[in-house]
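For reference, structure-v6.txt is printed below; it contains compact mmCIF, C-alpha atoms and all ligand atoms.
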```txt
# COMPACT_ATOMS: atom_id res chain seq x y z
CA MET A 1 13.42 4.47 -22.19
CA ALA A 2 16.19 3.00 -20.09
CA ALA A 3 16.01 5.73 -17.47
CA ALA A 4 12.52 4.62 -16.48
CA SER A 5 13.37 0.95 -16.42
CA VAL A 6 14.66 0.52 -12.88
CA GLY A 7 12.57 0.63 -9.78
CA SER A 8 9.63 2.69 -10.87
CA GLY A 9 7.51 2.48 -13.97
CA ALA A 10 6.35 -0.46 -16.01
CA LEU A 11 9.50 -2.56 -15.76
CA ALA A 12 9.63 -2.28 -12.00
CA ASP A 13 6.42 -4.20 -11.90
CA THR A 14 7.97 -6.95 -13.96
CA VAL A 15 11.22 -7.17 -11.96
CA ALA A 16 9.52 -7.34 -8.56
CA ALA A 17 5.82 -7.76 -9.27
CA THR A 18 5.78 -10.10 -6.27
CA PRO A 19 8.35 -10.05 -3.43
CA PRO A 20 11.75 -11.26 -4.69
CA MET A 21 12.64 -14.84 -3.76
CA GLY A 22 16.01 -16.52 -3.69
CA TRP A 23 19.05 -16.92 -1.48
CA ASN A 24 21.64 -14.54 0.00
CA SER A 25 25.10 -15.50 1.23
CA TRP A 26 25.36 -13.22 4.28
CA ASN A 27 23.43 -14.92 7.09
CA PHE A 28 25.42 -18.14 6.84
CA PHE A 29 28.70 -17.46 4.99
CA ALA A 30 29.20 -13.78 5.92
CA GLU A 31 32.34 -12.13 4.51
CA LYS A 32 34.07 -15.47 3.84
CA VAL A 33 31.76 -16.40 0.94
CA THR A 34 33.40 -17.94 -2.13
CA ASP A 35 32.56 -18.63 -5.76
CA ALA A 36 32.22 -22.31 -4.83
CA ASP A 37 29.70 -21.50 -2.07
CA VAL A 38 27.60 -19.50 -4.52
CA ARG A 39 27.67 -22.27 -7.14
CA ALA A 40 26.75 -24.83 -4.48
CA ALA A 41 23.81 -22.67 -3.44
CA ALA A 42 22.68 -22.39 -7.07
CA ASP A 43 22.95 -26.17 -7.49
CA ALA A 44 20.98 -26.74 -4.28
CA LEU A 45 18.23 -24.33 -5.33
CA VAL A 46 17.70 -26.56 -8.36
CA SER A 47 18.10 -30.00 -6.72
CA SER A 48 15.92 -29.12 -3.71
CA GLY A 49 13.06 -27.97 -5.95
CA MET A 50 13.32 -24.46 -4.49
CA ARG A 51 13.98 -22.83 -7.85
CA ASP A 52 10.79 -24.34 -9.21
CA ALA A 53 8.95 -23.08 -6.12
CA GLY A 54 10.05 -19.52 -7.01
CA TYR A 55 13.49 -18.97 -5.41
CA VAL A 56 15.42 -17.55 -8.37
CA TYR A 57 17.82 -14.88 -7.09
CA VAL A 58 21.28 -16.05 -5.99
CA ASN A 59 22.62 -13.03 -4.15
CA ILE A 60 26.23 -12.49 -3.21
CA ASP A 61 26.35 -10.16 -0.21
CA ASP A 62 29.39 -8.40 1.22
CA GLY A 63 32.84 -9.96 0.76
CA TRP A 64 33.29 -10.45 -3.01
CA GLN A 65 35.11 -7.18 -3.70
CA GLY A 66 38.79 -6.79 -4.52
CA GLU A 67 40.51 -3.59 -5.62
CA ARG A 68 40.05 -1.07 -8.43
CA ASP A 69 42.47 -1.02 -11.35
CA ALA A 70 44.18 2.11 -12.74
CA LYS A 71 41.01 2.97 -14.65
CA GLY A 72 38.89 2.65 -11.52
CA VAL A 73 37.22 -0.57 -12.59
CA ILE A 74 36.28 -2.80 -9.64
CA HIS A 75 37.62 -6.36 -9.61
CA PRO A 76 36.46 -9.22 -7.40
CA ASN A 77 38.88 -10.64 -4.85
CA ALA A 78 40.69 -13.98 -5.14
CA ARG A 79 37.68 -15.93 -3.83
CA PHE A 80 35.78 -14.89 -7.00
CA PRO A 81 38.09 -15.62 -9.92
CA ASP A 82 35.63 -14.72 -12.69
CA MET A 83 32.36 -12.94 -11.95
CA LYS A 84 31.09 -13.14 -15.53
CA ALA A 85 31.65 -16.90 -15.56
CA LEU A 86 29.82 -17.18 -12.24
CA ALA A 87 26.89 -15.19 -13.61
CA ASP A 88 26.81 -17.40 -16.70
CA TYR A 89 26.77 -20.49 -14.48
CA VAL A 90 23.92 -19.13 -12.36
CA HIS A 91 21.97 -18.13 -15.47
CA SER A 92 22.53 -21.56 -17.04
CA LYS A 93 20.58 -23.02 -14.12
CA GLY A 94 17.58 -20.79 -14.80
CA LEU A 95 18.54 -18.51 -11.88
CA LYS A 96 19.51 -14.84 -11.54
CA LEU A 97 22.54 -13.26 -9.89
CA GLY A 98 22.54 -10.56 -7.23
CA ILE A 99 25.43 -8.50 -5.89
CA TYR A 100 26.12 -6.02 -3.09
CA THR A 101 27.89 -2.70 -2.63
CA SER A 102 27.79 0.52 -0.59
CA PRO A 103 27.53 4.20 -1.58
CA GLY A 104 30.39 4.84 0.86
CA PRO A 105 34.14 4.28 0.33
CA LYS A 106 33.90 0.97 2.23
CA THR A 107 31.22 -1.64 2.74
CA CYS A 108 30.08 -2.67 6.20
CA ALA A 109 32.62 -5.49 6.28
CA GLY A 110 35.39 -3.12 5.13
CA PHE A 111 35.58 -4.05 1.43
CA THR A 112 35.78 -1.52 -1.43
CA GLY A 113 32.62 0.56 -1.80
CA SER A 114 31.26 2.52 -4.77
CA LEU A 115 31.77 6.16 -3.72
CA GLY A 116 32.68 8.15 -6.82
CA HIS A 117 32.40 5.06 -9.03
CA GLU A 118 28.64 4.52 -9.07
CA ALA A 119 28.11 4.63 -12.86
CA GLN A 120 31.26 2.61 -13.52
CA ASP A 121 30.25 -0.08 -11.02
CA ALA A 122 26.70 -0.28 -12.37
CA ARG A 123 28.19 -0.85 -15.83
CA SER A 124 30.49 -3.59 -14.49
CA TYR A 125 27.55 -5.33 -12.85
CA ALA A 126 25.46 -5.11 -16.02
CA ASP A 127 28.40 -6.41 -18.10
CA TRP A 128 28.78 -9.38 -15.77
CA GLY A 129 25.04 -10.10 -16.01
CA VAL A 130 23.91 -9.01 -12.57
CA ASP A 131 20.12 -8.91 -12.01
CA TYR A 132 19.83 -7.54 -8.45
CA LEU A 133 21.75 -5.00 -6.37
CA LYS A 134 21.68 -4.53 -2.60
CA TYR A 135 22.96 -1.04 -1.77
CA ASP A 136 24.05 -0.83 1.87
CA LEU A 137 24.64 2.61 3.43
CA CYS A 138 27.57 1.60 5.73
CA SER A 139 30.53 4.02 5.66
CA PHE A 140 28.56 6.65 3.71
CA ILE A 141 27.20 7.62 7.14
CA GLU A 142 30.51 8.76 8.66
CA ASP A 143 32.37 9.52 5.47
CA GLN A 144 29.72 11.73 3.86
CA MET A 145 26.67 12.45 6.03
CA GLN A 146 28.43 13.11 9.33
CA ALA A 147 31.54 14.62 7.75
CA LYS A 148 29.69 17.02 5.44
CA ALA A 149 26.72 17.93 7.63
CA PRO A 150 27.72 17.14 11.23
CA HIS A 151 24.83 18.90 12.94
CA ASP A 152 22.24 18.97 10.19
CA PRO A 153 19.94 15.92 10.07
CA ALA A 154 17.92 17.36 7.19
CA GLN A 155 21.04 17.80 5.07
CA GLN A 156 22.27 14.35 6.09
CA MET A 157 19.02 12.91 4.82
CA ARG A 158 19.38 14.80 1.52
CA LEU A 159 22.88 13.37 1.12
CA MET A 160 21.55 9.87 1.79
CA THR A 161 18.58 10.06 -0.57
CA GLY A 162 20.90 11.62 -3.15
CA ALA A 163 23.18 8.59 -2.91
CA TYR A 164 20.26 6.23 -3.51
CA GLU A 165 19.07 8.35 -6.45
CA ARG A 166 22.55 8.33 -7.97
CA MET A 167 22.72 4.55 -8.02
CA HIS A 168 19.17 4.34 -9.33
CA ASP A 169 20.19 6.52 -12.26
CA ALA A 170 23.37 4.52 -12.78
CA LEU A 171 21.44 1.24 -12.90
CA ALA A 172 18.81 2.71 -15.20
CA ALA A 173 21.54 3.95 -17.57
CA THR A 174 22.76 0.38 -18.08
CA GLY A 175 19.43 -0.52 -19.67
CA ARG A 176 19.43 -3.85 -17.83
CA PRO A 177 16.49 -4.65 -15.52
CA ILE A 178 18.11 -4.83 -12.08
CA VAL A 179 16.13 -5.23 -8.86
CA TYR A 180 17.14 -2.36 -6.57
CA SER A 181 17.33 -3.26 -2.87
CA LEU A 182 17.92 -0.45 -0.36
CA CYS A 183 19.67 -1.24 2.91
CA GLN A 184 19.85 1.67 5.35
CA TYR A 185 18.19 -0.08 8.30
CA GLY A 186 14.81 1.65 8.02
CA TRP A 187 16.04 5.16 8.82
CA ASP A 188 14.09 8.31 8.00
CA ALA A 189 10.86 6.50 7.10
CA VAL A 190 12.53 4.95 4.07
CA TRP A 191 9.18 3.40 3.04
CA GLU A 192 7.92 6.91 2.24
CA TRP A 193 10.67 7.92 -0.20
CA ALA A 194 12.24 4.68 -1.45
CA PRO A 195 9.44 3.63 -3.82
CA GLY A 196 9.13 7.04 -5.53
CA ALA A 197 10.25 7.61 -9.11
CA LYS A 198 13.54 9.27 -8.10
CA VAL A 199 14.93 6.46 -5.93
CA GLY A 200 12.92 3.67 -7.53
CA GLY A 201 13.56 1.11 -4.79
CA ASN A 202 11.98 -2.29 -5.32
CA LEU A 203 12.56 -3.17 -1.68
CA TRP A 204 13.99 -1.47 1.37
CA ARG A 205 15.12 -2.80 4.71
CA THR A 206 12.84 -1.63 7.51
CA THR A 207 15.08 -2.50 10.49
CA GLY A 208 18.61 -3.31 11.62
CA ASP A 209 20.04 -6.77 11.08
CA ILE A 210 18.27 -10.02 11.80
CA THR A 211 19.96 -12.76 13.84
CA PRO A 212 18.91 -16.42 14.17
CA GLU A 213 17.18 -15.87 17.51
CA TRP A 214 13.47 -15.82 18.23
CA ASP A 215 13.58 -12.57 20.19
CA ARG A 216 15.18 -10.73 17.29
CA ILE A 217 12.83 -12.28 14.72
CA TYR A 218 9.82 -11.35 16.84
CA ALA A 219 11.11 -7.81 17.41
CA ILE A 220 11.55 -7.30 13.67
CA ALA A 221 8.11 -8.78 12.90
CA SER A 222 6.52 -6.44 15.45
CA GLN A 223 8.18 -3.45 13.82
CA GLN A 224 6.34 -4.20 10.56
CA ALA A 225 2.99 -3.26 12.12
CA GLY A 226 1.83 -0.06 10.45
CA LEU A 227 3.86 -0.49 7.26
CA ALA A 228 1.36 -2.51 5.19
CA SER A 229 0.18 0.40 3.09
CA TYR A 230 3.70 1.00 1.72
CA ALA A 231 4.03 -2.45 0.12
CA GLY A 232 2.67 -3.46 -3.25
CA PRO A 233 3.68 -4.85 -6.63
CA GLY A 234 7.15 -3.54 -7.52
CA HIS A 235 7.93 -2.12 -4.07
CA TRP A 236 8.22 -4.07 -0.82
CA ASN A 237 9.07 -3.65 2.84
CA ASP A 238 12.09 -5.84 3.64
CA PRO A 239 12.25 -7.15 7.22
CA ASP A 240 15.63 -8.74 6.30
CA MET A 241 16.72 -12.11 4.98
CA LEU A 242 15.48 -15.40 6.36
CA GLU A 243 17.21 -17.22 9.20
CA VAL A 244 15.21 -20.43 8.68
CA GLY A 245 17.65 -23.29 9.28
CA ASN A 246 20.27 -21.11 11.00
CA GLY A 247 21.44 -20.99 14.61
CA LYS A 248 19.41 -22.90 17.15
CA LEU A 249 15.92 -22.02 15.95
CA THR A 250 13.45 -24.77 16.81
CA PRO A 251 11.15 -26.32 14.20
CA ALA A 252 8.27 -24.21 15.56
CA GLU A 253 10.39 -21.05 15.37
CA ASN A 254 11.46 -21.80 11.80
CA ARG A 255 7.80 -22.35 10.83
CA ALA A 256 6.61 -19.21 12.61
CA HIS A 257 9.42 -17.07 11.13
CA PHE A 258 8.67 -18.31 7.60
CA SER A 259 4.91 -17.88 8.07
CA TRP A 260 5.35 -14.37 9.41
CA TRP A 261 7.53 -13.29 6.48
CA ALA A 262 4.98 -14.80 4.06
CA MET A 263 2.16 -12.89 5.77
CA LEU A 264 4.25 -9.70 5.50
CA ALA A 265 4.73 -10.07 1.72
CA ALA A 266 8.43 -9.97 2.58
CA PRO A 267 11.20 -10.90 0.18
CA LEU A 268 11.90 -14.60 0.79
CA LEU A 269 15.69 -14.78 0.65
CA ALA A 270 16.86 -17.97 2.29
CA GLY A 271 19.99 -17.35 4.36
CA ASN A 272 21.02 -20.87 5.28
CA ASP A 273 23.52 -23.37 3.86
CA LEU A 274 21.27 -24.83 1.18
CA ALA A 275 23.72 -27.57 0.22
CA HIS A 276 23.55 -29.04 3.74
CA MET A 277 20.03 -28.33 5.00
CA SER A 278 17.93 -30.87 6.89
CA PRO A 279 14.83 -32.38 5.25
CA GLU A 280 12.75 -30.48 7.79
CA VAL A 281 14.24 -27.09 6.89
CA LYS A 282 13.84 -27.94 3.21
CA SER A 283 10.18 -28.75 3.71
CA ILE A 284 9.59 -25.44 5.52
CA LEU A 285 11.29 -23.32 2.85
CA GLY A 286 9.58 -25.40 0.18
CA ASN A 287 6.00 -25.23 1.46
CA ARG A 288 4.30 -24.04 -1.71
CA GLU A 289 1.05 -23.03 -0.10
CA VAL A 290 2.87 -20.77 2.35
CA ILE A 291 4.98 -19.39 -0.50
CA ALA A 292 1.74 -18.67 -2.37
CA ILE A 293 0.60 -16.48 0.54
CA ASP A 294 3.81 -14.45 0.22
CA GLN A 295 3.54 -14.28 -3.56
CA ASP A 296 -0.16 -13.49 -3.74
CA PRO A 297 -0.55 -11.22 -6.78
CA LEU A 298 -2.52 -8.59 -4.87
CA GLY A 299 0.64 -7.87 -2.87
CA LYS A 300 -1.23 -6.82 0.26
CA GLN A 301 0.96 -7.08 3.35
CA ALA A 302 -0.60 -8.45 6.56
CA THR A 303 -1.77 -6.26 9.40
CA ARG A 304 -2.06 -7.19 13.06
CA ALA A 305 -5.77 -7.82 13.64
CA TYR A 306 -5.37 -8.08 17.39
CA ALA A 307 -3.12 -9.27 20.18
CA GLU A 308 -4.26 -10.94 23.35
CA GLY A 309 -1.80 -11.80 26.06
CA GLU A 310 1.05 -13.51 24.31
CA VAL A 311 -0.88 -14.42 21.18
CA GLU A 312 -0.99 -12.27 18.07
CA VAL A 313 -3.38 -12.66 15.15
CA TRP A 314 -2.40 -11.25 11.75
CA THR A 315 -4.47 -11.30 8.57
CA ARG A 316 -3.96 -10.45 4.95
CA PRO A 317 -6.34 -10.30 2.01
CA LEU A 318 -5.65 -12.64 -0.90
CA GLN A 319 -6.68 -12.63 -4.53
CA HIS A 320 -10.22 -13.79 -5.38
CA GLY A 321 -11.52 -12.58 -2.02
CA GLY A 322 -9.50 -15.01 0.10
CA MET A 323 -7.86 -14.34 3.43
CA ALA A 324 -4.82 -15.67 5.26
CA ILE A 325 -4.95 -15.84 9.06
CA ALA A 326 -1.86 -16.42 11.19
CA VAL A 327 -2.01 -16.97 14.93
CA PHE A 328 1.37 -16.72 16.68
CA ASN A 329 2.22 -17.76 20.21
CA VAL A 330 4.98 -15.27 20.95
CA GLY A 331 5.08 -16.29 24.62
CA SER A 332 8.17 -16.42 26.76
CA GLU A 333 9.96 -19.35 28.32
CA ARG A 334 7.65 -19.26 31.35
CA HIS A 335 4.70 -20.33 29.25
CA ALA A 336 6.35 -23.32 27.61
CA GLY A 337 3.88 -25.91 26.48
CA THR A 338 0.46 -25.33 25.06
CA HIS A 339 -1.16 -21.97 25.36
CA PRO A 340 -4.95 -21.94 25.45
CA PHE A 341 -6.35 -19.10 23.42
CA ARG A 342 -9.82 -18.32 22.04
CA LEU A 343 -10.20 -17.10 18.50
CA ASN A 344 -12.33 -13.99 18.12
CA LEU A 345 -13.68 -14.13 14.57
CA ALA A 346 -15.53 -10.83 14.86
CA ALA A 347 -12.19 -9.10 15.47
CA LEU A 348 -11.14 -10.40 12.04
CA GLY A 349 -14.33 -9.08 10.44
CA LEU A 350 -15.74 -12.61 10.07
CA HIS A 351 -19.21 -13.89 10.98
CA GLY A 352 -19.77 -17.48 12.04
CA THR A 353 -17.89 -20.65 11.24
CA GLN A 354 -15.40 -20.47 8.36
CA GLN A 355 -13.91 -23.24 6.25
CA GLY A 356 -10.18 -23.10 5.67
CA LYS A 357 -6.99 -25.03 5.15
CA ASP A 358 -4.21 -25.39 7.70
CA LEU A 359 -1.15 -24.69 5.58
CA TRP A 360 1.30 -26.57 7.80
CA SER A 361 -0.70 -29.77 8.34
CA GLY A 362 -2.22 -29.54 4.86
CA LYS A 363 -5.62 -30.45 6.33
CA PRO A 364 -9.00 -28.75 5.98
CA VAL A 365 -10.12 -26.93 9.14
CA SER A 366 -13.24 -25.22 10.44
CA LEU A 367 -12.77 -22.00 12.35
CA ALA A 368 -15.52 -21.45 14.89
CA ASP A 369 -15.91 -18.27 16.88
CA GLN A 370 -14.36 -18.54 20.35
CA GLN A 371 -12.81 -21.92 19.60
CA THR A 372 -9.78 -22.80 21.65
CA ILE A 373 -6.46 -22.93 19.85
CA ALA A 374 -3.58 -24.71 21.55
CA LEU A 375 -0.24 -23.51 20.30
CA ALA A 376 3.18 -24.51 21.55
CA ARG A 377 5.63 -21.77 22.45
CA HIS A 378 6.73 -19.77 19.38
CA ASP A 379 4.55 -21.85 17.07
CA VAL A 380 2.09 -20.65 14.47
CA TRP A 381 -1.30 -21.66 13.12
CA LEU A 382 -1.52 -20.54 9.52
CA VAL A 383 -4.85 -20.90 7.76
CA ARG A 384 -6.08 -19.89 4.35
CA VAL A 385 -9.80 -19.17 4.05
CA ASP A 386 -10.90 -19.05 0.42
CA ALA A 387 -14.40 -17.69 0.95
CA PRO A 388 -14.41 -15.64 4.16
CA HIS A 389 -17.75 -14.20 5.22
C1 LIG B 401 24.88 -4.91 7.06
C2 LIG B 401 23.60 -5.38 6.37
C3 LIG B 401 23.63 -6.89 6.34
C4 LIG B 401 24.84 -7.33 5.57
C5 LIG B 401 26.11 -6.72 6.15
C6 LIG B 401 27.32 -7.01 5.28
O1 LIG B 401 24.89 -3.53 7.10
O2 LIG B 401 22.48 -4.90 7.07
O3 LIG B 401 22.44 -7.38 5.75
O4 LIG B 401 24.70 -6.95 4.22
O5 LIG B 401 25.99 -5.33 6.29
O6 LIG B 401 28.48 -6.41 5.77
```
Give the structure from this file in structure tokens form.
Ligand code: GAL
Amino acid sequence: MAAASVGSGALADTVAATPPMGWNSWNFFAEKVTDADVRAAADALVSSGMRDAGYVYVNIDDGWQGERDAKGVIHPNARFPDMKALADYVHSKGLKLGIYTSPGPKTCAGFTGSLGHEAQDARSYADWGVDYLKYDLCSFIEDQMQAKAPHDPAQQMRLMTGAYERMHDALAATGRPIVYSLCQYGWDAVWEWAPGAKVGGNLWRTTGDITPEWDRIYAIASQQAGLASYAGPGHWNDPDMLEVGNGKLTPAENRAHFSWWAMLAAPLLAGNDLAHMSPEVKSILGNREVIAIDQDPLGKQATRAYAEGEVEVWTRPLQHGGMAIAVFNVGSERHAGTHPFRLNLAALGLHGTQQGKDLWSGKPVSLADQQTIALARHDVWLVRVDAPH
């Protein structure tokens, strides 16, 4: 039945059985994104090999919307002359199209939102061929929650969850499998109610917005501690889209950010200008063994095994009894250079020397208890151990 096809139930597990992968326009193009930018991103996903590595969603974020016509039907603005043609183009490349709206009257960037037009908009998206929707709370906060229940947080929360349920039902009624991405910045323990049958979220943002700065990336990563049990096939914590290749992130920071998101079973939505990325950024986003950690079919998000000084060690179980281990040097400027650190295998539940593979050098490694690991500032050591003991 169509009503069970979005978010929860059998189809949910097919639409987001592993964390969604692709690209989103916001982090680089913001509200100025155009049809040409989206096509160029689709082309680059194919030519870079990223599509074949799993990046299939091409997601248009805020900024595509125009006005409604007399019948209330939403039309794209002049930068998107024909949304159906764009969807056809994206599909012709073996990719899928994502779009963005808000339950409020306006989106966060001030474009037309879906308030009062939820079912109509869901039908438009399905008619165009949309495969993914990001639903961003934005002006629903002031326009509905604060206006209707100014001093009543419980009622505000009911209004908010009601809005997410309404769009879930609208998407389900289209009969088209559409990944449902909640964006309300991690409020009200969204991980507890988003994956349920009523809201049927396939992913939900756990924090406010990411920026291409190490401190922000590290802060967001830290806030994922404790959320592992909420993630699994069909329903994922979303620590926001990738900034790999954006801003002034160093090669180490790009590697660490990507490794951390892979450990977290996070959606891997590249947020850079794919048509003009450096070979180094391409090789980070395209590292198939790191992607395989993210996409491990068990869907078990990493937990922080322990932290010592400015080094954090995270682990996650993998299929066939394997384990991924990530050691991050999160140290500050003061500690630039190498950072001596001793690995405590017992704290990871391991006994004696382990054989693994360093997923950034591609080389086999032995992990001995109390061995010293030298890590540059903001760098990562990411190891897969196939037979931990
Ligand atoms: C924010 C959202 C961002 C982006 C932006 C668009 O609320 O968290 O990811 O979608 O709105 O205006």
What separation in Å, quoted to one decimal, exists between CA of Thr315 (chain A) and CA of His351 (chain A)?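 Going from CA of Thr315 (chain A) over to CA of His351 (chain A) covers 15.2 Å.
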Which of A:Gln371, A:Thr101, A:Thr34, A:Asn24 sits closest to Tyr57 (chain A) [using only C-alpha atoms]: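 Ranking A:Gln371, A:Thr101, A:Thr34, A:Asn24 by distance to Tyr57 (chain A), first place goes to A:Asn24.
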Taken to one decimal, the CA of Leu115 (chain A)-CA of Met145 (chain A) distance is 12.7 Å
Name the residues, by chain letter and number, that sit within 10 Å of ligand LIG 401 (chain B) using only C-alpha atoms and all ligand atoms, and give them as a VMD selection string. chain A and resid 24 to 27 30 to 31 60 to 63 100 to 102 106 to 111 134 to 139 182 to 185 205 207 to 210 240 to 241
List as a list in words the protein and nucleic acid residues near Pro239 (chain A), meaning an atom at most 10 Å away when all atoms listed in the file are counted, but skip any in the same chain fewer than 3 places from it.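 Result of the neighbour search: Tyr185, Gly186, Leu203, Trp204, Arg205, Thr206, Thr207, Gly208, Asp209, Ile210, Ile217, Ile220, Ala221, Gln223, Gln224, Trp236, Leu242, Trp261, Leu264, Ala265, Ala266, Pro267 and Leu268 of chain A.
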For CA of Phe258 (chain A) and CA of Arg342 (chain A), determine how far apart the two atoms are, in Å to one decimal place.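 Distance between the two atoms: 23.5 Å.
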Closest of A:Val383, A:Val90, A:Ala44, A:Leu343 to Pro364 (chain A) - atom-to-atom distances counting all atoms listed in the file: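 Between A:Val383, A:Val90, A:Ala44, A:Leu343, the residue approaching Pro364 (chain A) most closely is A:Val383.
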Spatial neighbours of Asp379 (chain A), max dist 9 Å, only C-alpha atoms, sep filter under 4 positions, as a ChimeraX atom specification: /A:251-256,327-330,375
Calculated over only C-alpha atoms, which of the candidates A:Thr211, A:Trp260, A:Gly226, A:Asp69 has the smallest distance to Gly247 (chain A)?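 Ranked by minimum distance to Gly247 (chain A), first place goes to A:Thr211.
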Under the rule that all atoms listed in the file are counted, which of A:Val385, A:Met277, A:Ala307, A:Ala231 is the nearest residue to Gly322 (chain A)?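 Checking each of A:Val385, A:Met277, A:Ala307, A:Ala231 against Gly322 (chain A), counting all atoms listed in the file, the winner is A:Val385.
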Contacts of Gln370 (chain A) within 12 Å, all atoms listed in the file, excl. fewer than 6 positions in-chain, as a ChimeraX atom specification: /A:340-347,350-353
Counting only C-alpha atoms, what are the residues of region 227-288 of chain A within 8 Å of region 187-194 of chain A, and for each of them which pair of atoms is the nearest and at what distance in Å, to one decimal? Sort the table by chain and rising number, as CSV.
```
residue,atom,partner,partner_atom,distance
A:Leu227,CA,A:Trp191,CA,7.8
A:Tyr230,CA,A:Trp191,CA,6.1
A:Asn237,CA,A:Trp191,CA,7.1
```
